[in-house]
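Input: a single structure, listed below in structure tokens.
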Amino acid sequence: MERIEELLMDMIDDGPTEALADAGSLPALDSTLPQELETMRGQSLLLKACAEPINASTLAALVAQQATLSTSLLGSRIDVPAAVLWSSAVVVVATFIGVAASMWSAAPQPQFEGPARVATAPSTTVVSKPETAPPALRQQASDTYPTHAQPPALLEGKAEREVLVHRRDELVAAARRATPDQAYRLYRDIYRVSNLLHDVKAARSALRSALALAEAAGMAGDVEQCRLDLKNLDQR
Amino acid sequence: MKAMETTNEELFSRVCNGHHDAFDALYERYATKLFAYARTVLRNEAKAVDMVQQVFTSVYASRATFNGRNFDAWIFSIARHACLREKRIEQRTSPLEDADNAVADEQGMSEVDLNLIRAAVDALPDDDRTIIRLRYFDDLSYNDISNLLGITVSAAKVRVFRARRTLAAVLRPQFED
């Protein structure tokens with residue numbers, strides 16, 4: 001009997017009307033079934049019209065949740081190679097700062113401090129504001145690095161990165177609460193910020209989210225743009 | 001020749017090794033289905049969104065228990081248990097709560113007819129209502145339904161058929177004209 005019921009369900013879903021009529025000849029079925037099947041088939045259209053597609057704001061919430069979950073479960077999206085590259089960049093910058101600081105300083109100390117020492121020294125002792133440099137040079141240093149007790153480029157690099165990471169966190173949080181078209185723009189912004197952070201994975205994820213929203217909203221131009229940007233990302 | 005799609009099991013294995021892209025791909029495959037199921041069981045969209053998060057968190061937390069076969073059945077069974085647990089808690093704390101989030105596409109249909117159908121489906125016994133909603137309101141395949149409910153595809157079809165018969169009987173007086 002269950003096999004017949006399964007077959008009948010297939011017929012109601014997809015089968016031709018003649019097949020439904022033939023179902024009346026199946027011995028295990030009662031005589032009212034063919035008519036009942038016709039009724040059920042008619043009601044299929046109504047049932048399908050009751051479909052509850054996921055609305056755009058819920059979709060946006062799900063998409064926003066994706067980034068949060070990914071980070072909370074798997075940790076930061078900054079992968080190891082990126083972290084290594086970043087550390088290397090810090091060492092290089094610190095080396096330059098060390099050289100510059102040594103040149104500015106008139107005190108009898110070595111002209112060059114090796115990168116390891118500069119990079120690992122406590123931030124407040126890496127370099128101090130040049131006290132004995134000529135006034136013009138001191139002024140130049142002061143103009144360039146007015147308040148930093150830490151190597152300026154290093155501090156600026158770190159600070160800039162922190163600002164960007166913070167900004168990205170804010171954008172992700174905002175995207176969770178945003179309307180779909182706002183969320184689309186926010187994910188585009190997250191993509192740009194991630195690009196600045198050289199975080200390709202996060203940039204790709206943000207683009208995918210933006211693409212999903214653009215597709216859901218039928219924004220053909222934006223869909224095209226997202227696909228193009230994704231393609232460019234993949235080629236990196 | 002079309003490239004072979006990465007299987008869910010392969011993706012999950014990569015997720016366990018910390019690959020964000022695999023997590024994104026897996027999330028994209030399952031989030032809307034899990035949401036649809038949770039919405040049907042819990043009848044509340046906000047809770048359904050939270051449930052998706054809960055399911056993914058549970059899946060990751062219990063990754064050591066995954067046997068490497070049929071990720072579909074595994075994740076849906078986690079979703080089923082989580083939703084039913086949530087529903088039980090809900091029934092204990094607010095038995096009269098009745099969320100109605102119906103958003104229908106009424107192309108060419110009378111709103112009266114659609115409301116009749118929705119009301120009739122809502123009045124069905126829990127099991128019948130769930131399977132009808134999953135099949136028609138959430139537009140899930142029999143395969144997904146079978147995984148979500150932990151039954152075979154054939155059993156899913158039979159249950160839909162029986163629920164449809166019950167529904168047809170309920171609706172007969174309204175549609176006899």
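Ordering of the structure tokens sets the chain letters (A, B, ...); residue numbers start at 1 within each chain; ligands are numbered from 1 in the order shown.
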For this session: Identify, on the basis of only C-alpha atoms, every residue whose closest approach to Ser58 of chain B does not exceed 12 Å; exclude the query and any residue fewer than 3 positions from it along the same chain; express the result as a list in words.
Result: Leu69 and Leu73 of chain A; Met51, Val52, Gln53, Gln54, Val55, Ala61, Ser62, Arg63, Ala64, Thr65, Phe66, Trp74, Ile75, Phe76, Ser77, Ile78, Ala79, His81 and Ala82 of chain B
Exercise. Once you count only C-alpha atoms, which residues of chain A turn out to be within 7 Å of chain B? Could you give them as a PyMOL selection string?
Worked result: chain A and resi 2+5-6+9+40+46-53+62+66+70+74+77
Problem set entry | Close residues, Asn8 of chain B itself excluded, 10 Å, only C-alpha atoms, min 3 positions apart in chain, as a ChimeraX atom specification | /B:5,11-14,22,25-26,29-30,68-72
Using DSSP on the backbone coordinates, identify all residues within segment 17-169 of chain B classified as alpha helix (DSSP H); present the result as a PDB file with C-alpha atoms, in the first residue's frame.
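selection36.pdb was written with the following content:
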ATOM      1  CA  HIS B  20      37.135  29.656   6.162  1.00  0.00           C
ATOM      2  CA  ASP B  21      36.323  29.236   2.484  1.00  0.00           C
ATOM      3  CA  ALA B  22      35.092  25.698   3.143  1.00  0.00           C
ATOM      4  CA  PHE B  23      32.959  26.980   5.994  1.00  0.00           C
ATOM      5  CA  ASP B  24      31.485  29.629   3.692  1.00  0.00           C
ATOM      6  CA  ALA B  25      30.675  27.038   1.046  1.00  0.00           C
ATOM      7  CA  LEU B  26      29.079  24.693   3.558  1.00  0.00           C
ATOM      8  CA  TYR B  27      27.098  27.509   5.128  1.00  0.00           C
ATOM      9  CA  GLU B  28      25.825  28.579   1.731  1.00  0.00           C
ATOM     10  CA  ARG B  29      24.681  25.026   0.991  1.00  0.00           C
ATOM     11  CA  TYR B  30      22.790  24.532   4.235  1.00  0.00           C
ATOM     12  CA  ALA B  31      21.783  27.832   5.799  1.00  0.00           C
ATOM     13  CA  THR B  32      18.556  28.383   3.879  1.00  0.00           C
ATOM     14  CA  LYS B  33      17.403  24.767   4.216  1.00  0.00           C
ATOM     15  CA  LEU B  34      18.096  24.772   7.931  1.00  0.00           C
ATOM     16  CA  PHE B  35      16.361  28.114   8.236  1.00  0.00           C
ATOM     17  CA  ALA B  36      13.300  26.822   6.378  1.00  0.00           C
ATOM     18  CA  TYR B  37      13.074  23.780   8.612  1.00  0.00           C
ATOM     19  CA  ALA B  38      13.561  25.794  11.804  1.00  0.00           C
ATOM     20  CA  ARG B  39      10.955  28.316  10.671  1.00  0.00           C
ATOM     21  CA  THR B  40       8.481  25.532  10.062  1.00  0.00           C
ATOM     22  CA  VAL B  41       9.070  23.858  13.396  1.00  0.00           C
ATOM     23  CA  LEU B  42       9.476  26.973  15.541  1.00  0.00           C
ATOM     24  CA  GLU B  45      11.735  33.743  11.741  1.00  0.00           C
ATOM     25  CA  ALA B  46      14.058  35.379  14.271  1.00  0.00           C
ATOM     26  CA  LYS B  47      14.327  32.168  16.247  1.00  0.00           C
ATOM     27  CA  ALA B  48      14.923  30.267  13.036  1.00  0.00           C
ATOM     28  CA  VAL B  49      17.872  32.529  12.163  1.00  0.00           C
ATOM     29  CA  ASP B  50      19.301  31.949  15.653  1.00  0.00           C
ATOM     30  CA  MET B  51      18.723  28.235  15.217  1.00  0.00           C
ATOM     31  CA  VAL B  52      20.879  28.189  12.078  1.00  0.00           C
ATOM     32  CA  GLN B  53      23.689  29.687  14.137  1.00  0.00           C
ATOM     33  CA  GLN B  54      23.100  27.179  16.907  1.00  0.00           C
ATOM     34  CA  VAL B  55      23.177  24.268  14.485  1.00  0.00           C
ATOM     35  CA  PHE B  56      26.445  25.356  12.894  1.00  0.00           C
ATOM     36  CA  THR B  57      27.957  25.923  16.313  1.00  0.00           C
ATOM     37  CA  SER B  58      26.822  22.464  17.444  1.00  0.00           C
ATOM     38  CA  VAL B  59      28.097  20.878  14.265  1.00  0.00           C
ATOM     39  CA  TYR B  60      31.520  22.405  14.786  1.00  0.00           C
ATOM     40  CA  ALA B  61      31.564  21.643  18.505  1.00  0.00           C
ATOM     41  CA  PHE B  71      27.087  14.899   6.301  1.00  0.00           C
ATOM     42  CA  ASP B  72      23.560  15.705   5.090  1.00  0.00           C
ATOM     43  CA  ALA B  73      21.929  13.284   7.482  1.00  0.00           C
ATOM     44  CA  TRP B  74      24.224  14.301  10.314  1.00  0.00           C
ATOM     45  CA  ILE B  75      23.675  18.058  10.136  1.00  0.00           C
ATOM     46  CA  PHE B  76      19.944  17.655   9.608  1.00  0.00           C
ATOM     47  CA  SER B  77      19.669  15.323  12.565  1.00  0.00           C
ATOM     48  CA  ILE B  78      21.471  17.920  14.708  1.00  0.00           C
ATOM     49  CA  ALA B  79      19.029  20.527  13.402  1.00  0.00           C
ATOM     50  CA  ARG B  80      16.048  18.287  14.113  1.00  0.00           C
ATOM     51  CA  HIS B  81      17.077  17.644  17.688  1.00  0.00           C
ATOM     52  CA  ALA B  82      17.927  21.296  18.313  1.00  0.00           C
ATOM     53  CA  CYS B  83      14.602  22.507  16.919  1.00  0.00           C
ATOM     54  CA  LEU B  84      12.548  19.951  18.795  1.00  0.00           C
ATOM     55  CA  ARG B  85      14.386  20.746  22.010  1.00  0.00           C
ATOM     56  CA  GLU B  86      13.737  24.446  21.482  1.00  0.00           C
ATOM     57  CA  LYS B  87      10.113  23.765  20.705  1.00  0.00           C
ATOM     58  CA  ARG B  88       9.663  21.741  23.876  1.00  0.00           C
ATOM     59  CA  ILE B  89      11.169  24.574  25.926  1.00  0.00           C
ATOM     60  CA  GLU B  90       8.921  27.042  24.141  1.00  0.00           C
ATOM     61  CA  GLN B  91       5.805  24.997  24.801  1.00  0.00           C
ATOM     62  CA  ARG B  92       6.654  24.824  28.480  1.00  0.00           C
ATOM     63  CA  THR B  93       7.257  28.547  28.785  1.00  0.00           C
ATOM     64  CA  GLU B 111      -6.136  35.750  -1.030  1.00  0.00           C
ATOM     65  CA  VAL B 112      -9.193  34.155   0.544  1.00  0.00           C
ATOM     66  CA  ASP B 113      -8.245  30.763  -0.914  1.00  0.00           C
ATOM     67  CA  LEU B 114      -4.658  31.092   0.247  1.00  0.00           C
ATOM     68  CA  ASN B 115      -5.722  32.063   3.730  1.00  0.00           C
ATOM     69  CA  LEU B 116      -8.053  29.074   3.796  1.00  0.00           C
ATOM     70  CA  ILE B 117      -5.187  26.801   2.835  1.00  0.00           C
ATOM     71  CA  ARG B 118      -2.830  28.335   5.407  1.00  0.00           C
ATOM     72  CA  ALA B 119      -5.407  28.062   8.151  1.00  0.00           C
ATOM     73  CA  ALA B 120      -6.174  24.466   7.210  1.00  0.00           C
ATOM     74  CA  VAL B 121      -2.471  23.555   7.179  1.00  0.00           C
ATOM     75  CA  ASP B 122      -1.952  25.247  10.541  1.00  0.00           C
ATOM     76  CA  ASP B 126       1.971  18.584  14.043  1.00  0.00           C
ATOM     77  CA  ASP B 127       3.531  15.884  11.862  1.00  0.00           C
ATOM     78  CA  ASP B 128       1.233  16.563   8.925  1.00  0.00           C
ATOM     79  CA  ARG B 129       1.646  20.302   9.201  1.00  0.00           C
ATOM     80  CA  THR B 130       5.428  20.043   9.323  1.00  0.00           C
ATOM     81  CA  ILE B 131       5.735  17.874   6.259  1.00  0.00           C
ATOM     82  CA  ILE B 132       3.294  19.935   4.216  1.00  0.00           C
ATOM     83  CA  TYR B 142      11.923  14.954  -0.707  1.00  0.00           C
ATOM     84  CA  ASN B 143      15.583  14.179  -0.221  1.00  0.00           C
ATOM     85  CA  ASP B 144      16.084  17.159   2.099  1.00  0.00           C
ATOM     86  CA  ILE B 145      12.849  16.378   3.917  1.00  0.00           C
ATOM     87  CA  SER B 146      13.900  12.785   4.426  1.00  0.00           C
ATOM     88  CA  ASN B 147      17.217  13.913   5.922  1.00  0.00           C
ATOM     89  CA  LEU B 148      15.581  16.548   8.091  1.00  0.00           C
ATOM     90  CA  LEU B 149      13.015  14.132   9.461  1.00  0.00           C
ATOM     91  CA  VAL B 153      12.587   9.406   0.693  1.00  0.00           C
ATOM     92  CA  SER B 154       9.775   6.914   0.108  1.00  0.00           C
ATOM     93  CA  ALA B 155       8.474   7.433   3.631  1.00  0.00           C
ATOM     94  CA  ALA B 156       8.610  11.188   3.080  1.00  0.00           C
ATOM     95  CA  LYS B 157       6.451  10.848  -0.038  1.00  0.00           C
ATOM     96  CA  VAL B 158       3.983   8.600   1.747  1.00  0.00           C
ATOM     97  CA  ARG B 159       3.725  11.013   4.634  1.00  0.00           C
ATOM     98  CA  VAL B 160       3.188  13.958   2.304  1.00  0.00           C
ATOM     99  CA  PHE B 161       0.518  11.969   0.481  1.00  0.00           C
ATOM    100  CA  ARG B 162      -1.318  11.114   3.690  1.00  0.00           C
ATOM    101  CA  ALA B 163      -1.068  14.664   4.962  1.00  0.00           C
ATOM    102  CA  ARG B 164      -2.406  15.895   1.631  1.00  0.00           C
ATOM    103  CA  ARG B 165      -5.374  13.508   1.905  1.00  0.00           C
ATOM    104  CA  THR B 166      -6.126  14.798   5.392  1.00  0.00           C
ATOM    105  CA  LEU B 167      -5.811  18.346   4.147  1.00  0.00           C
ATOM    106  CA  ALA B 168      -8.072  17.651   1.177  1.00  0.00           C
ATOM    107  CA  ALA B 169     -10.694  16.236   3.528  1.00  0.00           C
TER     108      ALA B 169
END
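The space separating atom CA of Asn232 of chain A from atom CA of Arg208 of chain A comes to 13.0 Å.
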Problem set entry | Length of the atom CA of Ala216 of chain A to atom CA of Leu186 of chain A vector [Å] | 15.7 Å
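Across the structure, atom CA of Ser141 of chain B and atom CA of Arg41 of chain A are spaced 17.7 Å apart.
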